[in-house]
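A.B. asks: start11.pdb is the file, holding PDB, C-alpha atoms and all ligand atoms:
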ATOM      1  CA  MET U   1     -50.642  22.281 -10.094  1.00  0.00           C
ATOM      2  CA  ARG U   2     -50.562  26.024  -9.649  1.00  0.00           C
ATOM      3  CA  GLN U   3     -52.989  25.949  -6.736  1.00  0.00           C
ATOM      4  CA  LEU U   4     -51.025  23.158  -5.141  1.00  0.00           C
ATOM      5  CA  SER U   5     -47.745  25.024  -5.316  1.00  0.00           C
ATOM      6  CA  GLN U   6     -49.355  28.190  -3.939  1.00  0.00           C
ATOM      7  CA  GLN U   7     -50.641  26.144  -1.060  1.00  0.00           C
ATOM      8  CA  LEU U   8     -47.166  24.742  -0.598  1.00  0.00           C
ATOM      9  CA  VAL U   9     -45.619  28.198  -0.318  1.00  0.00           C
ATOM     10  CA  ALA U  10     -48.230  29.286   2.235  1.00  0.00           C
ATOM     11  CA  THR U  11     -47.838  26.116   4.285  1.00  0.00           C
ATOM     12  CA  GLN U  12     -44.077  26.413   4.254  1.00  0.00           C
ATOM     13  CA  GLU U  13     -44.250  30.000   5.483  1.00  0.00           C
ATOM     14  CA  GLU U  14     -46.656  29.085   8.269  1.00  0.00           C
ATOM     15  CA  GLU U  15     -44.458  26.157   9.279  1.00  0.00           C
ATOM     16  CA  ARG U  16     -41.386  28.396   9.383  1.00  0.00           C
ATOM     17  CA  ARG U  17     -43.218  30.921  11.500  1.00  0.00           C
ATOM     18  CA  LYS U  18     -44.203  28.215  13.977  1.00  0.00           C
ATOM     19  CA  LEU U  19     -40.719  26.717  14.078  1.00  0.00           C
ATOM     20  CA  SER U  20     -39.143  30.104  14.515  1.00  0.00           C
ATOM     21  CA  ARG U  21     -41.443  30.958  17.405  1.00  0.00           C
ATOM     22  CA  GLU U  22     -40.891  27.577  19.019  1.00  0.00           C
ATOM     23  CA  LEU U  23     -37.128  27.948  18.746  1.00  0.00           C
ATOM     24  CA  HIS U  24     -37.184  31.448  20.104  1.00  0.00           C
ATOM     25  CA  ASP U  25     -39.715  30.890  22.870  1.00  0.00           C
ATOM     26  CA  HIS U  26     -39.153  27.365  24.049  1.00  0.00           C
ATOM     27  CA  VAL U  27     -35.568  26.476  23.186  1.00  0.00           C
ATOM     28  CA  GLY U  28     -34.375  30.004  23.906  1.00  0.00           C
ATOM     29  CA  GLN U  29     -36.072  30.136  27.316  1.00  0.00           C
ATOM     30  CA  THR U  30     -34.796  26.730  28.294  1.00  0.00           C
ATOM     31  CA  LEU U  31     -31.248  27.697  27.423  1.00  0.00           C
ATOM     32  CA  THR U  32     -31.568  30.845  29.477  1.00  0.00           C
ATOM     33  CA  GLY U  33     -32.717  28.689  32.395  1.00  0.00           C
ATOM     34  CA  LEU U  34     -29.785  26.369  31.887  1.00  0.00           C
ATOM     35  CA  ARG U  35     -27.422  29.306  31.965  1.00  0.00           C
ATOM     36  CA  MET U  36     -28.870  30.458  35.269  1.00  0.00           C
ATOM     37  CA  GLU U  37     -28.506  26.970  36.728  1.00  0.00           C
ATOM     38  CA  LEU U  38     -24.848  26.965  35.730  1.00  0.00           C
ATOM     39  CA  GLY U  39     -24.442  30.232  37.598  1.00  0.00           C
ATOM     40  CA  ARG U  40     -25.930  28.596  40.703  1.00  0.00           C
ATOM     41  CA  ILE U  41     -23.642  25.581  40.383  1.00  0.00           C
ATOM     42  CA  GLU U  42     -20.704  27.917  40.094  1.00  0.00           C
ATOM     43  CA  ARG U  43     -21.599  29.539  43.377  1.00  0.00           C
ATOM     44  CA  LEU U  44     -21.813  26.116  45.064  1.00  0.00           C
ATOM     45  CA  ARG U  45     -18.280  25.118  44.194  1.00  0.00           C
ATOM     46  CA  MET U  46     -15.658  24.174  46.741  1.00  0.00           C
ATOM     47  CA  PRO U  47     -12.977  26.798  47.237  1.00  0.00           C
ATOM     48  CA  ASP U  48      -9.770  26.164  45.295  1.00  0.00           C
ATOM     49  CA  ASN U  49     -11.291  23.642  42.929  1.00  0.00           C
ATOM     50  CA  GLU U  50      -9.889  24.979  39.662  1.00  0.00           C
ATOM     51  CA  ARG U  51     -10.982  22.059  37.517  1.00  0.00           C
ATOM     52  CA  PHE U  52     -14.545  22.549  38.670  1.00  0.00           C
ATOM     53  CA  ALA U  53     -14.443  26.233  37.787  1.00  0.00           C
ATOM     54  CA  ALA U  54     -12.936  25.514  34.379  1.00  0.00           C
ATOM     55  CA  ALA U  55     -15.594  22.881  33.604  1.00  0.00           C
ATOM     56  CA  VAL U  56     -18.444  25.211  34.555  1.00  0.00           C
ATOM     57  CA  GLY U  57     -16.872  28.015  32.528  1.00  0.00           C
ATOM     58  CA  GLU U  58     -16.631  25.713  29.528  1.00  0.00           C
ATOM     59  CA  ALA U  59     -20.267  24.620  29.909  1.00  0.00           C
ATOM     60  CA  ARG U  60     -21.340  28.226  30.115  1.00  0.00           C
ATOM     61  CA  SER U  61     -19.552  29.206  26.929  1.00  0.00           C
ATOM     62  CA  LEU U  62     -21.097  26.205  25.141  1.00  0.00           C
ATOM     63  CA  VAL U  63     -24.544  27.353  26.237  1.00  0.00           C
ATOM     64  CA  ASP U  64     -23.811  30.882  25.022  1.00  0.00           C
ATOM     65  CA  ASP U  65     -22.776  29.444  21.699  1.00  0.00           C
ATOM     66  CA  VAL U  66     -26.021  27.487  21.348  1.00  0.00           C
ATOM     67  CA  VAL U  67     -28.044  30.550  22.378  1.00  0.00           C
ATOM     68  CA  ARG U  68     -26.477  32.497  19.527  1.00  0.00           C
ATOM     69  CA  THR U  69     -27.037  29.697  17.028  1.00  0.00           C
ATOM     70  CA  VAL U  70     -30.671  29.294  18.026  1.00  0.00           C
ATOM     71  CA  ARG U  71     -31.274  33.028  17.773  1.00  0.00           C
ATOM     72  CA  ASP U  72     -29.733  33.146  14.291  1.00  0.00           C
ATOM     73  CA  LEU U  73     -31.732  30.103  13.210  1.00  0.00           C
ATOM     74  CA  ALA U  74     -34.987  31.556  14.492  1.00  0.00           C
ATOM     75  CA  LEU U  75     -34.328  34.849  12.753  1.00  0.00           C
ATOM     76  CA  GLY U  76     -33.331  33.127   9.535  1.00  0.00           C
ATOM     77  CA  LEU U  77     -36.491  31.047   9.447  1.00  0.00           C
ATOM     78  CA  ARG U  78     -38.766  33.991   9.910  1.00  0.00           C
ATOM     79  CA  PRO U  79     -37.375  37.237  11.218  1.00  0.00           C
ATOM     80  CA  SER U  80     -39.790  38.418  13.902  1.00  0.00           C
ATOM     81  CA  MET U  81     -38.554  41.825  12.799  1.00  0.00           C
ATOM     82  CA  LEU U  82     -40.614  41.458   9.647  1.00  0.00           C
ATOM     83  CA  ASP U  83     -43.736  41.233  11.785  1.00  0.00           C
ATOM     84  CA  ASP U  84     -42.628  43.643  14.501  1.00  0.00           C
ATOM     85  CA  PHE U  85     -40.634  46.380  12.782  1.00  0.00           C
ATOM     86  CA  GLY U  86     -41.475  46.054   9.105  1.00  0.00           C
ATOM     87  CA  LEU U  87     -39.795  45.293   5.834  1.00  0.00           C
ATOM     88  CA  GLN U  88     -36.997  47.852   5.850  1.00  0.00           C
ATOM     89  CA  ALA U  89     -35.712  46.895   9.313  1.00  0.00           C
ATOM     90  CA  ALA U  90     -35.868  43.203   8.447  1.00  0.00           C
ATOM     91  CA  LEU U  91     -33.949  43.720   5.190  1.00  0.00           C
ATOM     92  CA  GLU U  92     -31.332  45.852   6.939  1.00  0.00           C
ATOM     93  CA  TRP U  93     -30.907  43.194   9.571  1.00  0.00           C
ATOM     94  CA  HIS U  94     -30.582  40.457   6.958  1.00  0.00           C
ATOM     95  CA  VAL U  95     -27.969  42.381   4.990  1.00  0.00           C
ATOM     96  CA  ARG U  96     -25.954  43.150   8.125  1.00  0.00           C
ATOM     97  CA  ASP U  97     -26.072  39.514   9.127  1.00  0.00           C
ATOM     98  CA  LEU U  98     -25.001  38.354   5.671  1.00  0.00           C
ATOM     99  CA  THR U  99     -22.089  40.786   5.340  1.00  0.00           C
ATOM    100  CA  ARG U 100     -20.896  39.657   8.754  1.00  0.00           C
ATOM    101  CA  ARG U 101     -20.664  36.105   7.431  1.00  0.00           C
ATOM    102  CA  SER U 102     -19.334  36.708   3.905  1.00  0.00           C
ATOM    103  CA  ASP U 103     -17.055  38.991   1.899  1.00  0.00           C
ATOM    104  CA  LEU U 104     -19.891  40.297  -0.227  1.00  0.00           C
ATOM    105  CA  ALA U 105     -20.401  44.066  -0.180  1.00  0.00           C
ATOM    106  CA  VAL U 106     -24.126  44.770  -0.207  1.00  0.00           C
ATOM    107  CA  ALA U 107     -25.637  48.182  -0.892  1.00  0.00           C
ATOM    108  CA  LEU U 108     -29.228  48.483   0.201  1.00  0.00           C
ATOM    109  CA  ASP U 109     -31.147  51.228  -1.537  1.00  0.00           C
ATOM    110  CA  ILE U 110     -34.672  51.528  -0.204  1.00  0.00           C
ATOM    111  CA  SER U 111     -36.921  54.474  -0.844  1.00  0.00           C
ATOM    112  CA  GLY U 112     -40.523  54.883   0.167  1.00  0.00           C
ATOM    113  CA  ASP U 113     -42.842  53.763   2.888  1.00  0.00           C
ATOM    114  CA  PHE U 114     -43.847  50.111   2.915  1.00  0.00           C
ATOM    115  CA  ALA U 115     -46.028  50.012   5.995  1.00  0.00           C
ATOM    116  CA  ASP U 116     -49.197  49.424   4.004  1.00  0.00           C
ATOM    117  CA  LEU U 117     -47.983  46.258   2.289  1.00  0.00           C
ATOM    118  CA  SER U 118     -49.852  43.067   3.023  1.00  0.00           C
ATOM    119  CA  ASP U 119     -48.136  40.374   5.029  1.00  0.00           C
ATOM    120  CA  GLN U 120     -47.834  38.285   1.862  1.00  0.00           C
ATOM    121  CA  GLN U 121     -46.229  41.115  -0.065  1.00  0.00           C
ATOM    122  CA  LYS U 122     -43.702  41.827   2.686  1.00  0.00           C
ATOM    123  CA  THR U 123     -42.871  38.169   2.999  1.00  0.00           C
ATOM    124  CA  CYS U 124     -42.487  37.844  -0.760  1.00  0.00           C
ATOM    125  CA  ILE U 125     -40.031  40.756  -1.003  1.00  0.00           C
ATOM    126  CA  TYR U 126     -38.072  39.493   1.964  1.00  0.00           C
ATOM    127  CA  ARG U 127     -37.823  35.953   0.599  1.00  0.00           C
ATOM    128  CA  VAL U 128     -36.799  37.154  -2.863  1.00  0.00           C
ATOM    129  CA  VAL U 129     -33.968  39.245  -1.406  1.00  0.00           C
ATOM    130  CA  GLN U 130     -32.938  36.393   0.868  1.00  0.00           C
ATOM    131  CA  GLU U 131     -32.773  33.883  -1.986  1.00  0.00           C
ATOM    132  CA  ALA U 132     -31.105  36.258  -4.452  1.00  0.00           C
ATOM    133  CA  LEU U 133     -28.396  37.214  -1.967  1.00  0.00           C
ATOM    134  CA  THR U 134     -27.823  33.591  -1.070  1.00  0.00           C
ATOM    135  CA  ASN U 135     -27.361  32.894  -4.781  1.00  0.00           C
ATOM    136  CA  CYS U 136     -24.856  35.739  -5.021  1.00  0.00           C
ATOM    137  CA  VAL U 137     -22.816  34.207  -2.228  1.00  0.00           C
ATOM    138  CA  ARG U 138     -23.212  30.634  -3.444  1.00  0.00           C
ATOM    139  CA  HIS U 139     -22.959  30.903  -7.215  1.00  0.00           C
ATOM    140  CA  ALA U 140     -22.114  34.350  -8.540  1.00  0.00           C
ATOM    141  CA  LYS U 141     -18.538  34.872  -7.333  1.00  0.00           C
ATOM    142  CA  ALA U 142     -19.728  38.445  -6.929  1.00  0.00           C
ATOM    143  CA  ARG U 143     -17.962  41.150  -4.982  1.00  0.00           C
ATOM    144  CA  ARG U 144     -20.695  43.752  -4.962  1.00  0.00           C
ATOM    145  CA  VAL U 145     -24.449  43.535  -4.927  1.00  0.00           C
ATOM    146  CA  THR U 146     -27.034  46.263  -4.988  1.00  0.00           C
ATOM    147  CA  VAL U 147     -30.501  45.686  -3.621  1.00  0.00           C
ATOM    148  CA  GLY U 148     -32.946  48.349  -4.740  1.00  0.00           C
ATOM    149  CA  LEU U 149     -36.516  48.619  -3.560  1.00  0.00           C
ATOM    150  CA  SER U 150     -38.793  51.473  -4.512  1.00  0.00           C
ATOM    151  CA  ARG U 151     -42.408  52.383  -5.041  1.00  0.00           C
ATOM    152  CA  THR U 152     -43.703  53.187  -8.462  1.00  0.00           C
ATOM    153  CA  PRO U 153     -47.145  54.463  -9.440  1.00  0.00           C
ATOM    154  CA  ALA U 154     -48.095  50.892 -10.253  1.00  0.00           C
ATOM    155  CA  GLY U 155     -46.604  49.192  -7.241  1.00  0.00           C
ATOM    156  CA  LEU U 156     -43.262  47.938  -6.056  1.00  0.00           C
ATOM    157  CA  GLU U 157     -40.035  47.494  -7.919  1.00  0.00           C
ATOM    158  CA  LEU U 158     -37.258  45.353  -6.580  1.00  0.00           C
ATOM    159  CA  HIS U 159     -33.949  44.478  -8.148  1.00  0.00           C
ATOM    160  CA  ILE U 160     -30.899  42.625  -6.967  1.00  0.00           C
ATOM    161  CA  ALA U 161     -27.864  43.264  -9.159  1.00  0.00           C
ATOM    162  CA  ASP U 162     -24.556  41.455  -8.735  1.00  0.00           C
ATOM    163  CA  ASP U 163     -21.227  41.875 -10.515  1.00  0.00           C
ATOM    164  CA  GLY U 164     -20.588  38.147 -10.717  1.00  0.00           C
ATOM    165  CA  ILE U 165     -20.037  35.587 -13.445  1.00  0.00           C
ATOM    166  CA  GLY U 166     -23.613  35.386 -14.707  1.00  0.00           C
ATOM    167  CA  ILE U 167     -25.919  32.392 -14.804  1.00  0.00           C
ATOM    168  CA  GLU U 168     -24.674  29.607 -17.016  1.00  0.00           C
ATOM    169  CA  ALA U 169     -26.996  28.928 -19.928  1.00  0.00           C
ATOM    170  CA  GLY U 170     -29.731  26.512 -18.948  1.00  0.00           C
ATOM    171  CA  HIS U 171     -28.919  26.585 -15.242  1.00  0.00           C
ATOM    172  CA  SER U 172     -31.503  29.037 -13.969  1.00  0.00           C
ATOM    173  CA  GLY U 173     -34.245  26.417 -13.974  1.00  0.00           C
ATOM    174  CA  GLN U 174     -32.246  23.721 -12.287  1.00  0.00           C
ATOM    175  CA  GLY U 175     -32.742  24.697  -8.663  1.00  0.00           C
ATOM    176  CA  LEU U 176     -35.751  25.369  -6.492  1.00  0.00           C
ATOM    177  CA  GLY U 177     -34.753  28.863  -5.399  1.00  0.00           C
ATOM    178  CA  LEU U 178     -35.527  30.866  -8.541  1.00  0.00           C
ATOM    179  CA  LYS U 179     -38.576  28.709  -9.232  1.00  0.00           C
ATOM    180  CA  GLY U 180     -39.842  29.445  -5.725  1.00  0.00           C
ATOM    181  CA  ILE U 181     -39.345  33.165  -6.306  1.00  0.00           C
ATOM    182  CA  GLU U 182     -41.225  33.003  -9.557  1.00  0.00           C
ATOM    183  CA  GLU U 183     -44.080  31.182  -7.854  1.00  0.00           C
ATOM    184  CA  ARG U 184     -44.328  33.660  -4.975  1.00  0.00           C
ATOM    185  CA  VAL U 185     -44.252  36.609  -7.347  1.00  0.00           C
ATOM    186  CA  ARG U 186     -46.847  35.146  -9.691  1.00  0.00           C
ATOM    187  CA  GLU U 187     -49.141  34.433  -6.781  1.00  0.00           C
ATOM    188  CA  LEU U 188     -49.205  38.182  -6.095  1.00  0.00           C
ATOM    189  CA  SER U 189     -49.830  38.963  -9.770  1.00  0.00           C
ATOM    190  CA  GLY U 190     -46.291  40.257 -10.165  1.00  0.00           C
ATOM    191  CA  THR U 191     -43.591  39.674 -12.734  1.00  0.00           C
ATOM    192  CA  MET U 192     -40.014  38.479 -12.561  1.00  0.00           C
ATOM    193  CA  ARG U 193     -37.203  38.918 -15.053  1.00  0.00           C
ATOM    194  CA  ILE U 194     -33.561  37.871 -15.032  1.00  0.00           C
ATOM    195  CA  ASP U 195     -30.868  39.728 -16.982  1.00  0.00           C
ATOM    196  CA  THR U 196     -27.629  37.844 -16.964  1.00  0.00           C
ATOM    197  CA  ALA U 197     -24.311  37.899 -18.799  1.00  0.00           C
ATOM    198  CA  ALA U 198     -20.824  36.704 -18.001  1.00  0.00           C
ATOM    199  CA  GLU U 199     -19.424  40.219 -18.422  1.00  0.00           C
ATOM    200  CA  THR U 200     -21.963  42.147 -16.386  1.00  0.00           C
ATOM    201  CA  GLY U 201     -23.292  39.731 -13.821  1.00  0.00           C
ATOM    202  CA  THR U 202     -26.870  38.994 -12.928  1.00  0.00           C
ATOM    203  CA  THR U 203     -29.810  41.230 -12.153  1.00  0.00           C
ATOM    204  CA  LEU U 204     -33.074  39.904 -10.881  1.00  0.00           C
ATOM    205  CA  HIS U 205     -36.036  42.228 -11.361  1.00  0.00           C
ATOM    206  CA  VAL U 206     -39.308  41.797  -9.568  1.00  0.00           C
ATOM    207  CA  ALA U 207     -42.352  44.023  -9.919  1.00  0.00           C
ATOM    208  CA  LEU U 208     -45.388  43.661  -7.688  1.00  0.00           C
ATOM    209  CA  PRO U 209     -48.639  45.518  -8.240  1.00  0.00           C
ATOM    210  CA  LEU U 210     -49.889  47.163  -5.063  1.00  0.00           C
ATOM    211  CA  ALA U 211     -53.470  48.041  -5.795  1.00  0.00           C
ATOM    212  CA  ALA U 212     -54.737  44.562  -6.418  1.00  0.00           C
ATOM    213  CA  ARG U 213     -54.437  42.095  -3.592  1.00  0.00           C
ATOM    214  CA  PRO U 214     -54.546  38.477  -4.785  1.00  0.00           C
ATOM    215  CA  GLU U 215     -58.241  37.979  -3.955  1.00  0.00           C
ATOM    216  CA  GLU U 216     -59.165  41.219  -5.652  1.00  0.00           C
ATOM    217  CA  ALA U 217     -57.069  40.351  -8.667  1.00  0.00           C
ATOM    218  CA  SER U 218     -58.792  37.028  -9.212  1.00  0.00           C
ATOM    219  CA  PHE U 219     -62.135  38.683  -8.558  1.00  0.00           C
ATOM    220  CA  ALA U 220     -61.332  41.305 -11.189  1.00  0.00           C
ATOM    221  CA  ARG U 221     -60.339  38.588 -13.624  1.00  0.00           C
ATOM    222  CA  ALA U 222     -63.556  36.725 -12.967  1.00  0.00           C
ATOM    223  CA  ALA U 223     -65.610  39.877 -13.367  1.00  0.00           C
ATOM    224  CA  GLY U 224     -63.822  41.215 -16.409  1.00  0.00           C
TER     225      GLY U 224
HETATM  226  N1  LIG U 301     -26.575  35.312  -9.078  1.00  0.00           N
HETATM  227  C1  LIG U 301     -26.191  34.201  -9.735  1.00  0.00           C
HETATM  228  N2  LIG U 301     -24.992  34.169 -10.384  1.00  0.00           N
HETATM  229  C2  LIG U 301     -24.612  33.063 -11.070  1.00  0.00           C
HETATM  230  N3  LIG U 301     -25.351  31.932 -11.142  1.00  0.00           N
HETATM  231  C3  LIG U 301     -26.540  31.897 -10.512  1.00  0.00           C
HETATM  232  C4  LIG U 301     -27.025  33.022  -9.788  1.00  0.00           C
HETATM  233  N4  LIG U 301     -28.252  32.705  -9.282  1.00  0.00           N
HETATM  234  C5  LIG U 301     -28.508  31.443  -9.689  1.00  0.00           C
HETATM  235  N5  LIG U 301     -27.485  30.945 -10.429  1.00  0.00           N
HETATM  236  C6  LIG U 301     -27.457  29.609 -11.097  1.00  0.00           C
HETATM  237  O1  LIG U 301     -28.795  29.171 -11.257  1.00  0.00           O
HETATM  238  C7  LIG U 301     -28.993  27.940 -10.600  1.00  0.00           C
HETATM  239  C8  LIG U 301     -30.369  27.875  -9.979  1.00  0.00           C
HETATM  240  O2  LIG U 301     -30.488  28.760  -8.865  1.00  0.00           O
HETATM  241  P1  LIG U 301     -31.552  28.438  -7.753  1.00  0.00           P
HETATM  242  O3  LIG U 301     -32.866  28.221  -8.410  1.00  0.00           O
HETATM  243  O4  LIG U 301     -31.491  29.518  -6.718  1.00  0.00           O
HETATM  244  O5  LIG U 301     -31.117  27.044  -7.144  1.00  0.00           O
HETATM  245  P2  LIG U 301     -29.910  26.679  -6.145  1.00  0.00           P
HETATM  246  O6  LIG U 301     -29.386  27.959  -5.561  1.00  0.00           O
HETATM  247  O7  LIG U 301     -30.556  25.815  -5.125  1.00  0.00           O
HETATM  248  O8  LIG U 301     -28.884  25.963  -6.978  1.00  0.00           O
HETATM  249  C9  LIG U 301     -27.868  27.838  -9.596  1.00  0.00           C
HETATM  250  O9  LIG U 301     -27.542  26.514  -9.320  1.00  0.00           O
HETATM  251  C10 LIG U 301     -26.738  28.557 -10.328  1.00  0.00           C
HETATM  252  O10 LIG U 301     -26.109  27.698 -11.242  1.00  0.00           O
HETATM  253 MG    MG U 302     -30.583  29.423  -4.760  1.00  0.00          MG
END
Any chance you could put this one into structure tokens?

C.D. replies:
Amino acid sequence: MRQLSQQLVATQEEERRKLSRELHDHVGQTLTGLRMELGRIERLRMPDNERFAAAVGEARSLVDDVVRTVRDLALGLRPSMLDDFGLQAALEWHVRDLTRRSDLAVALDISGDFADLSDQQKTCIYRVVQEALTNCVRHAKARRVTVGLSRTPAGLELHIADDGIGIEAGHSGQGLGLKGIEERVRELSGTMRIDTAAETGTTLHVALPLAARPEEASFARAAG
């Protein structure tokens, strides 16, 4: 079961990466072409045909709208920033994007250099933050959230703390989001803990060891 769900996480990530690239490269390029064609049509118009101009203008603004949606979708699926500019840039982008779309105030507190993290570790941190912040917006009725990421001698420490209503007893296991986080974290030999109370809100803690990559960890287990 465990192996199967690990495989599922990896497959899902690969699928998202492919979809994201396809959206960005193919759909994005085609829309850009369409926009250029509209420009050409505009230049072909008869003088004084206002309805024609208005229709082309409308079509152009629809295309612009779709271009924006596709870009957001592609970034949401798998921010190319994570691959191109690293974890910190990707997290900053995600937080900016989220605060643009919601009333949540998010403080991002990142200290340390994360360039040496494996792709899996970066992806894990990014997905945990993404899911936890989505939960804050969706469930917590929170006003403020702090995302803290730092290096410790043992590895990485991440927490996402909201000032919301807390998780109702028995609810934390009812969705797929927190379960998915737990699975991703366990796959990297990390630990996850949730502190929650109606008065103080919810804090999700994740710790990932840095020294042992998953293969090495299982090798060490086998050897020791
Ligand atoms: N930050 C939070 N504040 C309050 N409730 C939460 C929070 N995060 C999760 N929950 C509760 O835990 C449940 C499970 O969360 P999750 O596994 O992410 O699934 P989903 O978001 O799909 O419902 C949510 O439905 C919600 O009731
Ligand atoms: Mg969720």

A.B. asks: Any residue with an atom at most 10 Å from ligand MG 302 (chain U) counts, using all atoms listed in the file. Which are they? Put them as a list in words.

C.D. replies: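 Here is the list of contacting residues: Gln130, Glu131, Ala132, Leu133, Thr134, Asn135, Cys136, Val137, Arg138, His139, Ser172, Gln174, Gly175, Leu176, Gly177, Leu178, Lys179, Gly180 and Ile181 of chain U.
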
A.B. asks: Can you write just those residues out, C-alpha atoms, as a short mmCIF file (atom, residue, chain, number, x, y, z; two decimals), in the frame of the given file?

C.D. replies:
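Result went into selection.cif, see below:
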data_model
loop_
_atom_site.label_atom_id
_atom_site.label_comp_id
_atom_site.auth_asym_id
_atom_site.auth_seq_id
_atom_site.Cartn_x
_atom_site.Cartn_y
_atom_site.Cartn_z
CA GLN U 130 -32.94 36.39 0.87
CA GLU U 131 -32.77 33.88 -1.99
CA ALA U 132 -31.10 36.26 -4.45
CA LEU U 133 -28.40 37.21 -1.97
CA THR U 134 -27.82 33.59 -1.07
CA ASN U 135 -27.36 32.89 -4.78
CA CYS U 136 -24.86 35.74 -5.02
CA VAL U 137 -22.82 34.21 -2.23
CA ARG U 138 -23.21 30.63 -3.44
CA HIS U 139 -22.96 30.90 -7.22
CA SER U 172 -31.50 29.04 -13.97
CA GLN U 174 -32.25 23.72 -12.29
CA GLY U 175 -32.74 24.70 -8.66
CA LEU U 176 -35.75 25.37 -6.49
CA GLY U 177 -34.75 28.86 -5.40
CA LEU U 178 -35.53 30.87 -8.54
CA LYS U 179 -38.58 28.71 -9.23
CA GLY U 180 -39.84 29.44 -5.72
CA ILE U 181 -39.34 33.16 -6.31
#

A.B. asks: Could you tell me which residues the PyMOL selection byres (((chain U and resi 62-65) around 12) and not hetatm) grabs in this file, written as a ChimeraX atom specification?

C.D. replies: /U:27-39,55-61,66-72

A.B. asks: Around all the atoms of ligand LIG 301 (chain U) listed in the file, with 8 Å of room on each side, what axis-aligned box do you get, giving centre and edge lengths in Å to one decimal, as lines of an AutoDock Vina configuration file?

C.D. replies:
center_x = -28.7
center_y = 30.6
center_z = -8.2
size_x = 24.3
size_y = 25.5
size_z = 22.1

A.B. asks: Can you tell me how far atom CA of Arg151 of chain U sits from atom C3 of ligand LIG 301 (chain U), in Å to one decimal?

C.D. replies: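 That distance, rounded to one decimal, is 26.5 Å.
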
A.B. asks: Once the PyMOL selection byres (((chain U and resi 164) around 6) and not hetatm) has been applied to the shown file, what residues remain in the selection, as an mmCIF file with C-alpha atoms, in the coordinates of the input?

C.D. replies:
data_model
loop_
_atom_site.group_PDB
_atom_site.id
_atom_site.type_symbol
_atom_site.label_atom_id
_atom_site.label_comp_id
_atom_site.auth_asym_id
_atom_site.auth_seq_id
_atom_site.Cartn_x
_atom_site.Cartn_y
_atom_site.Cartn_z
ATOM 1 C CA ALA U 140 -22.114 34.350 -8.540
ATOM 2 C CA LYS U 141 -18.538 34.872 -7.333
ATOM 3 C CA ALA U 142 -19.728 38.445 -6.929
ATOM 4 C CA ASP U 162 -24.556 41.455 -8.735
ATOM 5 C CA ASP U 163 -21.227 41.875 -10.515
ATOM 6 C CA ILE U 165 -20.037 35.587 -13.445
ATOM 7 C CA GLY U 166 -23.613 35.386 -14.707
ATOM 8 C CA GLY U 201 -23.292 39.731 -13.821
#

A.B. asks: Tell me which residues the PyMOL selection byres (((chain U and resi 3-5) around 10) and not hetatm) grabs here, as a list in words.

C.D. replies: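 Against this file, the PyMOL selection byres (((chain U and resi 3-5) around 10) and not hetatm) returns the residues Met1, Arg2, Gln6, Gln7, Leu8, Val9, Ala10, Thr11, Gly180, Glu183, Arg184 and Glu187 of chain U.
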
A.B. asks: Considering all atoms listed in the file, state which residue in the set U:Asp116, U:Lys122, U:Gln12, U:Arg51 is at the smallest distance from Met81 of chain U.

C.D. replies: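 For Met81 of chain U, the nearest of the candidates is U:Lys122.
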
A.B. asks: I'd like the interatomic distance between atom CA of Leu210 of chain U and atom CA of Arg78 of chain U, to a tenth of an Å.

C.D. replies: 22.8 Å

A.B. asks: Given all atoms listed in the file as the basis, pick out the residue of U:Leu82, U:Leu156, U:Met46, U:Val147 nearest to Asp119 of chain U.

C.D. replies: U:Leu82
